[in-house]
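S.K.: Take a look at work.tsv, TSV, C-alpha atoms:
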```tsv
chain	number	residue	atom	x	y	z
A	209	MET	CA	44.93	16.04	-0.98
A	210	ARG	CA	41.61	15.87	-2.83
A	211	PHE	CA	41.14	12.29	-1.71
A	212	ALA	CA	41.71	13.28	1.92
A	213	ALA	CA	39.14	16.09	1.64
A	214	ALA	CA	36.59	13.73	0.07
A	215	LEU	CA	37.26	11.21	2.82
A	216	LEU	CA	36.71	13.87	5.49
A	217	VAL	CA	33.41	14.94	3.92
A	218	ALA	CA	32.27	11.30	3.66
A	219	LEU	CA	33.16	10.69	7.32
A	220	ALA	CA	31.42	13.89	8.39
A	221	LEU	CA	28.23	12.72	6.64
A	222	ALA	CA	28.47	9.11	7.78
A	223	ALA	CA	28.96	9.88	11.49
A	224	PRO	CA	25.49	11.38	12.17
A	225	ALA	CA	23.84	8.61	10.13
A	226	ALA	CA	25.58	5.96	12.21
A	227	ALA	CA	24.65	7.76	15.44
A	228	SER	CA	21.03	7.98	14.27
A	229	GLU	CA	21.01	4.26	13.54
A	230	GLU	CA	22.54	3.34	16.91
A	231	ARG	CA	20.77	5.92	19.07
A	232	PRO	CA	17.56	6.98	17.31
A	233	THR	CA	15.25	9.56	18.83
A	234	PRO	CA	11.49	8.89	19.07
A	235	ALA	CA	10.85	12.06	17.02
A	236	GLU	CA	12.86	10.90	14.00
A	237	LEU	CA	11.30	7.44	14.08
A	238	GLU	CA	7.81	8.94	14.29
A	239	SER	CA	8.52	10.92	11.13
A	240	GLU	CA	9.70	7.77	9.32
A	241	LEU	CA	6.76	5.55	10.23
A	242	VAL	CA	3.13	5.62	9.15
A	243	CYS	CA	-0.02	5.10	11.19
A	244	PRO	CA	-1.66	1.99	9.63
A	245	VAL	CA	-5.19	3.33	10.13
A	246	CYS	CA	-4.96	6.98	9.11
A	247	GLU	CA	-1.97	6.54	6.72
A	248	SER	CA	-0.16	9.71	7.80
A	249	THR	CA	3.16	9.73	9.62
A	250	LEU	CA	3.02	9.02	13.34
A	251	ASP	CA	4.24	12.50	14.28
A	252	THR	CA	1.12	14.00	12.70
A	253	SER	CA	-1.38	11.44	13.98
A	254	ASN	CA	-3.27	11.08	17.24
A	255	ALA	CA	-5.21	7.97	16.23
A	256	PRO	CA	-5.32	5.38	19.06
A	257	VAL	CA	-3.10	2.94	17.17
A	258	ALA	CA	-0.62	5.74	16.39
A	259	LEU	CA	-0.46	6.67	20.10
A	260	ARG	CA	0.17	3.01	20.94
A	261	MET	CA	2.93	2.82	18.33
A	262	LYS	CA	4.55	5.99	19.71
A	263	ALA	CA	4.53	4.44	23.19
A	264	PHE	CA	6.12	1.29	21.75
A	265	ILE	CA	8.83	3.38	20.05
A	266	ARG	CA	9.63	5.22	23.29
A	267	GLU	CA	9.88	1.91	25.16
A	268	ARG	CA	12.23	0.41	22.58
A	269	VAL	CA	14.40	3.53	22.33
A	270	ALA	CA	14.73	3.55	26.13
A	271	ALA	CA	15.65	-0.14	26.00
A	272	GLY	CA	18.53	0.71	23.62
A	273	ASP	CA	17.21	-0.83	20.38
A	274	THR	CA	18.63	0.45	17.11
A	275	LYS	CA	16.51	2.21	14.51
A	276	SER	CA	16.52	-0.86	12.25
A	277	GLU	CA	15.45	-3.14	15.10
A	278	ILE	CA	12.53	-0.89	16.03
A	279	LYS	CA	11.40	-0.54	12.42
A	280	SER	CA	11.77	-4.27	11.88
A	281	ALA	CA	9.63	-5.00	14.96
A	282	LEU	CA	6.89	-2.71	13.68
A	283	VAL	CA	7.04	-4.17	10.16
A	284	ASP	CA	6.68	-7.62	11.73
A	285	GLN	CA	3.44	-6.49	13.41
A	286	PHE	CA	1.88	-4.22	10.80
A	287	GLY	CA	3.63	-5.07	7.53
A	288	PRO	CA	5.94	-2.95	5.31
A	289	ALA	CA	3.22	-0.33	4.75
A	290	VAL	CA	4.20	1.28	8.08
A	291	LEU	CA	7.47	2.47	6.54
A	292	ALA	CA	7.11	6.05	5.25
A	293	VAL	CA	10.04	5.43	2.90
A	294	PRO	CA	9.96	2.08	1.05
A	295	PRO	CA	12.96	-0.23	1.50
A	296	ARG	CA	15.64	-0.22	-1.23
A	297	ARG	CA	15.00	-3.87	-2.07
A	298	GLY	CA	12.31	-6.11	-3.51
A	299	PHE	CA	9.09	-4.39	-4.59
A	300	GLY	CA	10.07	-1.21	-2.69
A	301	LEU	CA	12.98	-0.76	-5.10
A	302	ILE	CA	10.49	0.24	-7.80
A	303	ALA	CA	9.61	3.38	-5.85
A	304	TRP	CA	13.30	4.36	-5.94
A	305	LEU	CA	14.02	3.36	-9.52
A	306	LEU	CA	10.90	4.78	-11.17
A	307	PRO	CA	11.73	8.50	-10.61
A	308	LEU	CA	15.36	7.91	-11.66
A	309	THR	CA	14.19	6.10	-14.80
A	310	GLY	CA	11.79	8.95	-15.53
A	311	LEU	CA	14.60	11.46	-15.07
A	312	ALA	CA	16.91	9.49	-17.37
A	313	LEU	CA	14.16	9.23	-19.99
A	314	GLY	CA	13.56	12.98	-19.69
A	315	VAL	CA	17.26	13.68	-20.25
A	316	VAL	CA	17.27	11.42	-23.33
A	317	VAL	CA	14.13	13.06	-24.77
A	318	VAL	CA	15.39	16.61	-24.11
A	319	GLY	CA	18.80	15.69	-25.55
A	320	ALA	CA	17.22	14.19	-28.65
A	321	LEU	CA	15.02	17.26	-29.14
A	322	ALA	CA	18.01	19.59	-28.68
A	323	TRP	CA	20.01	17.59	-31.21
A	324	ARG	CA	17.14	17.68	-33.67
A	325	TRP	CA	16.67	21.42	-33.19
A	326	SER	CA	20.35	22.23	-33.72
A	327	HIS	CA	20.47	19.92	-36.73
A	328	THR	CA	17.48	21.68	-38.34
A	329	ARG	CA	18.99	25.11	-37.68
A	330	SER	CA	22.31	24.23	-39.39
A	331	GLY	CA	20.30	22.89	-42.33
A	332	ASP	CA	18.54	26.28	-42.68
A	333	GLU	CA	21.82	28.13	-42.93
A	334	LEU	CA	23.38	25.80	-45.46
A	335	PRO	CA	20.69	24.47	-47.75
A	336	ASP	CA	21.43	21.02	-48.93
A	337	ASP	CA	21.41	20.92	-52.77
A	338	SER	CA	23.13	17.60	-53.09
A	339	GLY	CA	19.91	16.05	-54.40
A	340	ALA	CA	19.47	18.69	-57.24
A	341	PRO	CA	20.07	17.54	-60.82
A	342	PRO	CA	23.34	18.78	-62.47
A	343	LEU	CA	23.10	21.87	-64.72
A	344	ASP	CA	23.06	21.44	-68.44
A	345	PRO	CA	26.70	22.15	-69.72
A	346	ALA	CA	25.42	24.70	-72.25
A	347	LEU	CA	23.43	26.53	-69.60
A	348	GLU	CA	26.38	26.46	-67.22
A	349	ARG	CA	28.65	27.98	-69.89
A	350	ARG	CA	26.06	30.71	-70.53
A	351	VAL	CA	25.79	31.53	-66.79
A	352	ASP	CA	29.58	31.76	-66.57
A	353	ASP	CA	29.67	34.11	-69.57
A	354	GLU	CA	26.97	36.34	-68.11
A	355	LEU	CA	28.77	36.50	-64.75
A	356	ALA	CA	32.06	37.32	-66.50
A	357	ARG	CA	30.44	40.39	-68.01
A	358	TYR	CA	29.90	41.84	-64.52
A	359	GLU	CA	33.42	41.23	-63.22
B	81	MET	CA	15.12	9.38	-37.82
B	82	THR	CA	13.11	12.32	-36.48
B	83	GLN	CA	9.83	10.56	-37.19
B	84	ARG	CA	11.05	7.40	-35.52
B	85	LEU	CA	12.11	9.41	-32.48
B	86	ARG	CA	8.75	11.14	-32.31
B	87	LEU	CA	6.94	7.81	-32.60
B	88	ALA	CA	9.08	6.32	-29.82
B	89	ALA	CA	8.37	9.32	-27.58
B	90	GLN	CA	4.64	9.03	-28.27
B	91	VAL	CA	4.64	5.31	-27.54
B	92	ALA	CA	6.57	5.92	-24.30
B	93	ALA	CA	4.15	8.70	-23.25
B	94	VAL	CA	1.11	6.51	-23.95
B	95	GLY	CA	2.76	3.66	-22.05
B	96	VAL	CA	3.43	5.84	-19.00
B	97	VAL	CA	-0.16	7.16	-18.99
B	98	ALA	CA	-1.55	3.62	-19.36
B	99	ALA	CA	0.65	2.40	-16.49
B	100	LEU	CA	-0.50	5.26	-14.24
B	101	LEU	CA	-4.15	4.59	-15.11
B	102	GLY	CA	-3.63	0.90	-14.35
B	103	LEU	CA	-2.10	1.80	-11.00
B	104	LEU	CA	-5.05	4.07	-10.19
B	105	ALA	CA	-7.57	1.36	-11.16
B	106	TRP	CA	-5.72	-1.20	-9.03
B	107	LYS	CA	-5.68	1.15	-6.04
B	108	LEU	CA	-9.39	1.89	-6.41
B	109	ALA	CA	-10.17	-1.82	-6.72
B	110	GLN	CA	-8.20	-2.45	-3.52
B	111	GLY	CA	-10.29	0.07	-1.62
B	112	GLU	CA	-13.61	-1.09	-2.99
B	113	SER	CA	-15.38	-3.99	-1.35
B	114	GLU	CA	-18.07	-5.96	-3.13
B	115	VAL	CA	-19.25	-7.35	0.22
B	116	THR	CA	-20.62	-4.11	1.64
B	117	SER	CA	-21.95	-2.85	-1.69
B	118	GLU	CA	-23.77	-6.12	-2.43
B	119	LEU	CA	-25.12	-6.31	1.13
B	120	GLY	CA	-26.38	-2.76	0.64
B	121	ARG	CA	-28.31	-3.93	-2.45
B	122	GLY	CA	-29.89	-6.73	-0.41
B	123	GLY	CA	-27.65	-9.46	-1.82
B	124	THR	CA	-25.65	-12.16	-0.07
B	125	PRO	CA	-22.04	-11.81	-1.25
B	126	THR	CA	-19.50	-14.56	-0.87
B	127	ALA	CA	-17.36	-14.04	2.23
B	128	PRO	CA	-13.73	-13.38	1.15
B	129	GLN	CA	-11.45	-16.24	2.15
B	130	PHE	CA	-8.57	-15.87	4.57
B	131	ALA	CA	-6.08	-18.06	6.40
B	132	LEU	CA	-4.47	-16.23	9.32
B	133	GLU	CA	-2.38	-17.12	12.36
B	134	ARG	CA	-4.30	-17.86	15.51
B	135	LEU	CA	-3.58	-15.65	18.50
B	136	ASP	CA	-3.58	-18.67	20.79
B	137	GLY	CA	-0.52	-19.99	18.90
B	138	LYS	CA	-2.31	-23.06	17.52
B	139	GLY	CA	-1.28	-22.50	13.89
B	140	GLU	CA	-3.58	-21.00	11.27
B	141	LEU	CA	-7.32	-20.77	10.95
B	142	SER	CA	-8.96	-20.47	7.55
B	143	LEU	CA	-12.52	-19.46	6.84
B	144	ARG	CA	-12.71	-22.36	4.39
B	145	SER	CA	-12.22	-24.83	7.26
B	146	LEU	CA	-15.50	-23.58	8.78
B	147	ARG	CA	-17.53	-24.19	5.61
B	148	GLY	CA	-20.80	-25.89	6.41
B	149	ARG	CA	-21.28	-23.95	9.65
B	150	PRO	CA	-22.66	-20.45	10.19
B	151	VAL	CA	-19.85	-18.09	11.25
B	152	VAL	CA	-19.94	-14.90	13.32
B	153	LEU	CA	-16.92	-12.90	12.14
B	154	ASN	CA	-15.94	-9.99	14.38
B	155	PHE	CA	-13.26	-7.46	13.30
B	156	TRP	CA	-11.67	-5.68	16.25
B	157	ALA	CA	-8.47	-4.16	17.69
B	158	SER	CA	-7.25	-3.75	21.25
B	159	TRP	CA	-6.84	0.04	20.81
B	160	CYS	CA	-10.48	0.42	19.75
B	161	GLY	CA	-12.73	1.74	22.54
B	162	PRO	CA	-16.09	0.31	21.35
B	163	CYS	CA	-14.41	-3.11	20.93
B	164	LYS	CA	-14.00	-3.18	24.71
B	165	ASP	CA	-17.69	-2.52	25.20
B	166	GLU	CA	-18.82	-5.28	22.87
B	167	ALA	CA	-16.32	-7.96	23.94
B	168	PRO	CA	-18.46	-9.23	26.89
B	169	VAL	CA	-21.62	-9.16	24.72
B	170	LEU	CA	-19.98	-11.27	22.01
B	171	GLU	CA	-18.49	-13.70	24.51
B	172	ALA	CA	-21.93	-14.14	26.12
B	173	ALA	CA	-23.43	-14.82	22.67
B	174	ALA	CA	-20.69	-17.36	21.90
B	175	LYS	CA	-21.55	-19.17	25.14
B	176	ARG	CA	-25.27	-19.00	24.40
B	177	TRP	CA	-24.80	-20.60	20.98
B	178	ARG	CA	-22.21	-23.15	22.07
B	179	GLY	CA	-23.15	-26.66	21.03
B	180	GLN	CA	-25.37	-25.44	18.21
B	181	ASP	CA	-22.74	-25.65	15.47
B	182	VAL	CA	-22.23	-21.89	15.16
B	183	ALA	CA	-18.60	-20.70	14.91
B	184	PHE	CA	-17.44	-17.41	16.42
B	185	VAL	CA	-14.17	-16.01	15.06
B	186	GLY	CA	-12.46	-12.76	16.00
B	187	VAL	CA	-10.12	-11.02	13.54
B	188	ASP	CA	-7.69	-8.70	15.30
B	189	VAL	CA	-6.64	-6.03	12.82
B	190	LYS	CA	-3.71	-3.55	12.74
B	191	ASP	CA	-2.69	-4.28	16.27
B	192	PHE	CA	0.20	-5.58	18.37
B	193	ARG	CA	-0.02	-9.30	18.98
B	194	GLY	CA	0.84	-8.83	22.66
B	195	ASP	CA	-1.86	-6.19	23.15
B	196	ALA	CA	-4.38	-8.44	21.42
B	197	ARG	CA	-3.58	-11.39	23.70
B	198	ASP	CA	-3.84	-9.14	26.77
B	199	PHE	CA	-7.22	-7.92	25.53
B	200	LEU	CA	-8.54	-11.47	25.05
B	201	ALA	CA	-7.34	-12.48	28.52
B	202	ARG	CA	-8.78	-9.34	30.14
B	203	TYR	CA	-12.23	-9.85	28.63
B	204	GLY	CA	-12.21	-13.64	28.97
B	205	VAL	CA	-12.75	-14.30	25.26
B	206	THR	CA	-12.85	-18.05	24.68
B	207	TYR	CA	-13.66	-18.36	20.95
B	208	PRO	CA	-10.81	-18.47	18.40
B	209	ASN	CA	-9.19	-15.23	17.29
B	210	VAL	CA	-6.82	-14.68	14.37
B	211	TYR	CA	-4.22	-11.96	13.82
B	212	ASP	CA	-4.28	-9.67	10.78
B	213	GLY	CA	-1.68	-7.02	11.60
B	214	LYS	CA	-1.38	-5.84	7.99
B	215	GLY	CA	-5.15	-5.50	7.67
B	216	SER	CA	-5.34	-7.70	4.56
B	217	THR	CA	-8.99	-8.59	5.28
B	218	VAL	CA	-10.19	-5.04	5.94
B	219	GLY	CA	-10.45	-3.85	2.33
B	220	ARG	CA	-11.92	-7.08	1.04
B	221	TYR	CA	-14.73	-7.12	3.59
B	222	GLY	CA	-15.21	-3.35	3.43
B	223	VAL	CA	-14.56	-2.74	7.12
B	224	ARG	CA	-14.51	1.03	7.58
B	225	ARG	CA	-14.46	1.47	11.34
B	226	PHE	CA	-13.88	-0.88	14.22
B	227	PRO	CA	-15.58	-2.98	15.35
B	228	GLU	CA	-17.67	-4.61	12.63
B	229	THR	CA	-19.36	-8.01	12.69
B	230	TYR	CA	-20.32	-10.14	9.69
B	231	PHE	CA	-22.65	-13.12	9.76
B	232	VAL	CA	-21.77	-15.83	7.23
B	233	ASN	CA	-24.08	-18.76	6.44
B	234	ALA	CA	-23.09	-22.39	5.93
B	235	ASP	CA	-22.61	-21.78	2.19
B	236	GLY	CA	-20.03	-19.08	2.83
B	237	LYS	CA	-22.37	-16.16	2.01
B	238	VAL	CA	-22.50	-13.00	4.09
B	239	VAL	CA	-26.12	-12.48	5.16
B	240	TYR	CA	-25.84	-9.63	7.66
B	241	ARG	CA	-23.43	-7.01	8.95
B	242	ILE	CA	-23.35	-4.93	12.12
B	243	ALA	CA	-21.21	-1.79	11.81
B	244	GLY	CA	-20.07	-0.54	15.20
B	245	ALA	CA	-20.21	-2.22	18.57
B	246	VAL	CA	-22.64	-5.10	19.06
B	247	GLN	CA	-24.66	-4.15	22.12
B	248	ASP	CA	-27.91	-5.94	21.69
B	249	ALA	CA	-27.99	-9.70	22.38
B	250	GLU	CA	-31.27	-10.00	20.48
B	251	GLU	CA	-29.73	-8.43	17.35
B	252	ILE	CA	-26.91	-10.99	17.40
B	253	ASP	CA	-29.32	-13.88	17.92
B	254	GLU	CA	-31.54	-12.67	15.09
B	255	ALA	CA	-28.55	-12.33	12.75
B	256	ILE	CA	-27.38	-15.83	13.65
B	257	ARG	CA	-30.86	-17.20	12.95
B	258	ARG	CA	-30.63	-15.57	9.49
B	259	ALA	CA	-27.29	-17.28	8.92
B	260	ILE	CA	-28.76	-20.64	9.99
B	261	ALA	CA	-31.90	-20.30	7.85
B	262	PRO	CA	-31.76	-22.27	4.56
B	263	ALA	CA	-30.78	-20.05	1.60
```
What does this structure look like when you write it as structure tokens?

M.R.:
Amino acid sequence: MRFAAALLVALALAAPAAASEERPTPAELESELVCPVCESTLDTSNAPVALRMKAFIRERVAAGDTKSEIKSALVDQFGPAVLAVPPRRGFGLIAWLLPLTGLALGVVVVGALAWRWSHTRSGDELPDDSGAPPLDPALERRVDDELARYE
Amino acid sequence: MTQRLRLAAQVAAVGVVAALLGLLAWKLAQGESEVTSELGRGGTPTAPQFALERLDGKGELSLRSLRGRPVVLNFWASWCGPCKDEAPVLEAAAKRWRGQDVAFVGVDVKDFRGDARDFLARYGVTYPNVYDGKGSTVGRYGVRRFPETYFVNADGKVVYRIAGAVQDAEEIDEAIRRAIAPA
């Protein structure tokens, strides 16, 4: 039952992504590509080269190209810097891995600090006297006698 | 254990800061051009080398292959308005200097190859043009706006730069004479 529900959710998420890949809209492509001159996304740029790129995108969408094909054609002309989101391979993979690595490191550091803090606290409550020298037998006998007087 | 942990965290923090500073320095170095700054101080910087595909489909053209000849290097793009104005002026200059061992080279930057070829055909440009879609030459030469024209002497040194459209035939001829003059 749980597996079926998970499958349904996965399918529900995958369907729009597949449709976007097969039938992209100019608007979504313009938000995923960068103007090579002004270095902002195409949807926010009116630079001449950005206008030319938008016209190219409209032409290719009308011709039925997929999102990957259109992006690939633009990367071929202007290089990978036109992609607003770096590819998940090669050098672009660093941009994906670096935040995750930072997050993992943060978790480790916070975990270590929490462990240290809790360890120190338990030490406060139960002082460790294992390193103290043993009492002199005569002194110990005397302490016991004194305590016995108060019982 | 605690001290070792603290030391490791400190080393990691210093490493991250050093890496970020390195990244910043690299990015600044990418954006900085020694060509324009040295020209501004009255120097003659070495022209950065390049080897780029020719727009006429005849393989690559490298600046090194033109060593020994003065070179007029024009950075342009088909979407650039002033580039349209200067195209006939540059072509006329190329024709005027033909046969005098002066090379004219156009560098089409951040453009569609097809648009660039249409532009060259429309304006009847006959000198060789190379394609730099990624703009790899822009930062190294210090090109800020299009078009810009650099005049390189036979030793590969930049002796003059025109920022903006070339409109004056006399200015081009004078800059070429500078590039021809012995260093």

S.K.: Within 6 Å of chain B, which residues of chain A come that close, and what is the closest atom pair and distance in Å for each? Count all atoms listed in the file and give it as JSON lines.

M.R.:
```
{"residue": "A:Pro256", "atom": "CA", "partner": "B:Trp159", "partner_atom": "CA", "distance": 5.8}
{"residue": "A:Val257", "atom": "CA", "partner": "B:Trp159", "partner_atom": "CA", "distance": 6.0}
{"residue": "A:Gln285", "atom": "CA", "partner": "B:Gly213", "partner_atom": "CA", "distance": 5.5}
{"residue": "A:Phe286", "atom": "CA", "partner": "B:Lys214", "partner_atom": "CA", "distance": 4.6}
{"residue": "A:Gly287", "atom": "CA", "partner": "B:Lys214", "partner_atom": "CA", "distance": 5.1}
```

S.K.: Grab the CA of Val218 (chain B) to CA of Glu247 (chain A) distance for me, in Å with one decimal place.

M.R.: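 Atom-to-atom, CA of Val218 (chain B) to CA of Glu247 (chain A), that is 14.2 Å.
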
S.K.: Within 10 Å of region 135-151 of chain B, counting all atoms listed in the file, which residues qualify if same-chain residues fewer than 3 places away don't, as a count of residues only?

M.R.: 41

S.K.: What does the distance from CA of Trp325 (chain A) to CA of Pro341 (chain A) come to in Å, to one decimal?

M.R.: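 Separation of CA of Trp325 (chain A) and CA of Pro341 (chain A): 28.1 Å.
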
S.K.: Extract, using all atoms listed in the file, all DNA, RNA and protein residues at most 7 Å from Cys163 (chain B), discarding same-chain residues fewer than 5 positions from it, and format them as a count of residues only.

M.R.: 4

S.K.: Mind giving me the straight-line distance from CA of Ala258 (chain A) to CA of Cys246 (chain A) in Å, one decimal?

M.R.: 8.6 Å

S.K.: Given the choices B:Pro162, B:Gln90, B:Ala255, B:Tyr221, which gets closest to Val317 (chain A) if the distance is worked out from all atoms listed in the file?

M.R.: B:Gln90

S.K.: Need to verify the contact set: Ala292 (chain A), 12 Å, only C-alpha atoms, exclusion of same-chain residues closer than 6 positions in sequence. Can you return it as number ranges by chain?

M.R.: A: 236-244, 247-251, 279, 283, 300, 303

S.K.: Around (9.3, 2.3, -4.9), as given in the file, which residues come within 12 Å? Count all atoms listed in the file and list them as a list in words.

M.R.: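 Residues satisfying the cut-off, written out: Pro288, Ala289, Leu291, Ala292, Val293, Pro294, Pro295, Arg296, Arg297, Gly298, Phe299, Gly300, Leu301, Ile302, Ala303, Trp304, Leu305, Leu306, Pro307, Leu308 and Thr309 of chain A.
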